[in-house]
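So this one's run.txt, compact mmCIF, C-alpha atoms:
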# COMPACT_ATOMS: atom_id res chain seq x y z
CA MET A 1069 -19.17 -4.39 -1.39
CA SER A 1070 -17.41 -3.66 -4.60
CA GLY A 1071 -13.90 -3.62 -5.96
CA SER A 1072 -12.07 -5.61 -8.53
CA GLY A 1073 -9.54 -7.16 -6.13
CA ARG A 1074 -6.83 -6.38 -8.72
CA GLU A 1075 -5.26 -3.51 -6.77
CA SER A 1076 -1.54 -3.70 -6.13
CA PHE A 1077 0.22 -1.24 -3.81
CA THR A 1078 2.31 -1.06 -0.64
CA VAL A 1079 1.83 0.94 2.56
CA THR A 1080 4.97 1.97 4.46
CA LEU A 1081 6.14 4.60 6.89
CA PRO A 1082 7.45 7.79 5.26
CA GLY A 1083 10.93 7.44 3.79
CA GLY A 1084 12.62 9.87 6.16
CA PHE A 1085 11.20 8.29 9.34
CA SER A 1086 14.06 5.83 9.91
CA ARG A 1087 16.68 8.42 9.04
CA LEU A 1088 15.12 10.87 11.50
CA MET A 1089 15.11 8.28 14.30
CA LEU A 1090 18.69 7.17 13.58
CA GLY A 1091 19.89 10.78 13.34
CA SER A 1092 18.19 11.66 16.62
CA SER A 1093 19.77 8.64 18.27
CA LEU A 1094 23.23 9.59 17.05
CA LEU A 1095 22.75 13.18 18.16
CA PHE A 1096 21.66 12.08 21.65
CA THR A 1097 24.64 9.72 21.79
CA LEU A 1098 27.05 12.63 21.43
CA PHE A 1099 25.95 14.22 24.71
CA PRO A 1100 26.72 11.32 27.07
CA ALA A 1101 29.85 10.42 25.12
CA ALA A 1102 31.22 13.95 25.59
CA PHE A 1103 30.43 13.95 29.32
CA ALA A 1104 31.85 10.45 29.77
CA LEU A 1105 35.09 11.42 28.02
CA ALA A 1106 35.35 14.48 30.25
CA GLY A 1107 34.88 12.26 33.30
CA ASP A 1108 31.76 14.10 34.45
CA LEU A 1109 29.29 11.28 33.80
CA PRO A 1110 29.16 8.21 36.06
CA PRO A 1111 28.30 4.76 34.63
CA LEU A 1112 24.71 5.09 35.86
CA GLY A 1113 24.34 8.25 33.76
CA VAL A 1114 25.57 6.44 30.65
CA PHE A 1115 23.07 3.66 31.34
CA MET A 1116 20.23 6.17 31.71
CA PHE A 1117 21.10 7.83 28.42
CA ALA A 1118 21.13 4.39 26.78
CA LEU A 1119 17.59 3.80 28.06
CA ILE A 1120 16.51 7.13 26.59
CA ILE A 1121 18.10 6.38 23.21
CA ALA A 1122 16.85 2.76 22.92
CA PRO A 1123 13.25 3.61 21.85
CA LEU A 1124 14.56 5.83 19.05
CA LEU A 1125 16.74 3.00 17.76
CA LEU A 1126 13.83 0.54 17.96
CA ALA A 1127 11.63 2.99 16.04
CA ALA A 1128 14.29 3.30 13.34
CA VAL A 1129 14.47 -0.48 12.94
CA ALA A 1130 10.68 -0.79 13.00
CA GLY A 1131 10.31 1.89 10.35
CA ARG A 1132 12.46 -0.04 7.92
CA ARG A 1133 10.65 -3.31 8.58
CA PHE A 1134 6.92 -2.40 8.67
CA ARG A 1135 5.00 -2.96 5.42
CA VAL A 1136 1.44 -3.69 4.31
CA ARG A 1137 1.18 -4.94 0.73
CA VAL A 1138 -2.04 -5.45 -1.22
CA ARG A 1139 -1.71 -7.60 -4.33
CA ASP A 1140 -4.61 -9.19 -6.22
CA GLY A 1141 -6.96 -8.90 -3.24
CA VAL A 1142 -4.54 -10.41 -0.68
CA VAL A 1143 -3.23 -8.17 2.08
CA THR A 1144 0.19 -9.17 3.43
CA VAL A 1145 1.37 -7.59 6.69
CA ARG A 1146 4.99 -7.54 7.79
CA PRO A 1147 4.99 -6.40 11.45
CA ALA A 1148 7.30 -3.66 12.68
CA LEU A 1149 9.34 -5.52 15.28
CA PHE A 1150 7.95 -8.80 16.54
CA GLY A 1151 5.93 -11.51 14.88
CA SER A 1152 5.93 -13.15 11.52
CA GLU A 1153 4.47 -12.00 8.22
CA TRP A 1154 0.78 -12.83 7.80
CA ASP A 1155 -1.92 -12.28 5.22
CA PHE A 1156 -5.68 -12.05 4.83
CA VAL A 1157 -8.38 -11.34 2.27
CA ALA A 1158 -11.38 -9.02 2.63
CA ALA A 1159 -13.63 -11.95 3.61
CA ASP A 1160 -11.39 -12.58 6.67
CA VAL A 1161 -12.01 -9.08 8.10
CA THR A 1162 -14.13 -9.23 11.24
CA ARG A 1163 -14.01 -5.55 12.22
CA VAL A 1164 -12.63 -2.23 10.99
CA VAL A 1165 -12.28 0.76 13.32
CA ARG A 1166 -11.60 4.08 11.65
CA ARG A 1167 -10.56 6.86 14.03
CA VAL A 1168 -10.61 10.50 12.99
CA ASN A 1169 -9.07 13.09 15.32
CA TYR A 1170 -9.96 16.72 14.61
CA ASN A 1171 -8.48 17.92 17.91
CA THR A 1172 -4.87 18.41 16.85
CA GLY A 1173 -2.66 21.35 16.06
CA MET A 1174 -1.56 19.54 12.90
CA GLY A 1175 -5.03 19.27 11.42
CA THR A 1176 -7.00 16.08 10.93
CA LEU A 1177 -5.28 12.82 11.80
CA ALA A 1178 -6.88 9.51 10.90
CA LYS A 1179 -6.13 5.87 11.61
CA MET A 1180 -7.73 2.64 10.43
CA THR A 1181 -7.35 -0.60 12.40
CA VAL A 1182 -8.34 -3.78 10.57
CA HIS A 1183 -9.05 -6.95 12.57
CA ALA A 1184 -8.67 -10.17 10.56
CA ARG A 1185 -7.74 -13.78 11.31
CA GLY A 1186 -7.31 -13.05 15.03
CA ARG A 1187 -4.78 -10.28 14.43
CA ARG A 1188 -4.88 -6.58 13.61
CA VAL A 1189 -3.02 -4.01 11.58
CA SER A 1190 -3.22 -0.22 11.87
CA VAL A 1191 -2.57 2.21 9.05
CA GLU A 1192 -2.35 5.96 9.74
CA SER A 1193 -2.99 8.80 7.34
CA LEU A 1194 0.66 9.90 7.46
CA MET A 1195 1.84 6.59 5.95
CA VAL A 1196 2.71 6.34 2.28
CA GLY A 1197 -0.08 4.51 0.41
CA SER A 1198 -2.64 4.76 3.23
CA GLU A 1199 -5.35 6.21 0.94
CA GLY A 1200 -5.17 3.20 -1.37
CA PHE A 1201 -5.40 0.78 1.56
CA TRP A 1202 -8.40 2.60 3.00
CA ALA A 1203 -10.14 2.60 -0.39
CA PHE A 1204 -9.43 -1.12 -0.77
CA ILE A 1205 -10.87 -1.92 2.67
CA GLU A 1206 -13.92 0.33 2.24
CA GLY A 1207 -14.61 -1.10 -1.22
CA ASN A 1208 -14.20 -4.77 -0.32
CA VAL A 1209 -15.35 -5.17 3.29
CA ASP A 1210 -19.00 -5.36 4.35
CA PRO A 1211 -19.94 -1.82 5.51
CA SER A 1212 -21.63 -3.22 8.64
CA ARG A 1213 -18.16 -4.24 9.89
CA ILE A 1214 -16.76 -0.71 9.59
CA VAL A 1215 -17.11 1.63 12.58
CA THR A 1216 -15.99 5.26 12.51
CA LYS A 1217 -15.05 7.05 15.73
CA VAL A 1218 -14.64 10.81 15.52
CA ASN A 1219 -12.83 12.77 18.23
CA ARG A 1220 -13.75 16.42 18.36
CA ARG A 1221 -12.96 19.00 21.02
CA GLY A 1222 -16.22 18.13 22.79
CA GLY A 1223 -15.51 14.39 23.07
CA THR A 1224 -15.85 11.24 21.02
CA HIS A 1225 -18.68 10.55 18.61
CA GLU A 1226 -19.23 7.08 17.24
CA GLY A 1227 -20.94 6.52 13.92
CA ARG A 1228 -21.02 4.30 10.88
Turn the structure described in the file into structure tokens.
Amino acid sequence: MSGSGRESFTVTLPGGFSRLMLGSSLLFTLFPAAFALAGDLPPLGVFMFALIIAPLLLAAVAGRRFRVRVRDGVVTVRPALFGSEWDFVAADVTRVVRRVNYNTGMGTLAKMTVHARGRRVSVESLMVGSEGFWAFIEGNVDPSRIVTKVNRRGGTHEGR
């Protein structure tokens, strides 16, 4: 284990994520509104469209709220939707699962889930600041607690 513990950075979802989710929600809202105004959509149809749109709105709210901040060796997690802010240090980490997926049309996708103080936080490679978080965890957590799972076209391979 190494690392100065003096790192300071923040991990968030990409800046356009919330705007994309809100824009998609507004676009999908136009369809049922137009049909309802024309009288061609019964109340059940409006309700069904609302159920379809709700996850997009929740994702937009979650995108603005989620944050993982590392400052002077303390990791502070602000959950996306439910739960209160919590923090931990590298010594609190009980397990780290790093998943690498080579079986995608987009290239390699990776995700790291850190278990600490009875809770967990996941950081994906598409998030802003994920590389710094991964370097912090790998440099400050006992390597025996880090497990890497690789998914290739032929199945899953587990290694250290």
*What does the distance from CA of Val1218 in chain A to CA of Ala1184 in chain A come to in Å, to one decimal?*
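Interatomic distance, CA of Val1218 in chain A to CA of Ala1184 in chain A: 22.4 Å.
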Please report, as CSV, each residue of range 1149-1188 of chain A lying at most 9 Å from range 1198-1205 of chain A, together with the nearest pair of atoms and the separation in Å rounded to one decimal; use only C-alpha atoms, and order rows by chain and ascending residue number.
residue,atom,partner,partner_atom,distance
A:Ala1158,CA,A:Ile1205,CA,7.1
A:Val1164,CA,A:Ile1205,CA,8.5
A:Met1180,CA,A:Trp1202,CA,7.5
A:Val1182,CA,A:Ile1205,CA,8.5
*Work out how far apart CA of Thr1176 in chain A and CA of Leu1194 in chain A are and give it in Å to one decimal.*
10.4 Å
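We find CA of Phe1099 in chain A and CA of Ile1120 in chain A to be spaced 12.0 Å apart.
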*In terms of the shortest atom-to-atom distance over only C-alpha atoms, which of A:Arg1167, A:Arg1087, A:Lys1179, A:Arg1188 is closest to Lys1217 in chain A?*
A:Arg1167
*asked:* Using all atoms listed in the file and a cutoff of 9 Å, can you tell me which residues are near (-0.4, -0.7, 4.4) in the file's coordinates, and write them out as an MDAnalysis selection string?
replied: chainID A and resid 1077:1081 1134:1138 1143:1145 1189:1192 1195:1198 1200:1202
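Nearest to Arg1213 in chain A of all the residues A:Arg1163, A:Pro1110, A:Pro1082, A:His1183 is A:Arg1163, counting all atoms listed in the file.
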*Using only C-alpha atoms, which of A:Ala1178, A:Pro1211, A:Phe1085, A:Phe1117 sits nearest Leu1098 in chain A?*
A:Phe1117
Would you place a box with edges along x, y and z of the file around all atoms of range 1102-1110 of chain A listed there, add 5 Å to each of its six sides, and report the centre and edge lengths in Å to one decimal, as JSON?
{"center_x": 32.3, "center_y": 11.3, "center_z": 30.8, "size_x": 16.2, "size_y": 16.3, "size_z": 20.5}
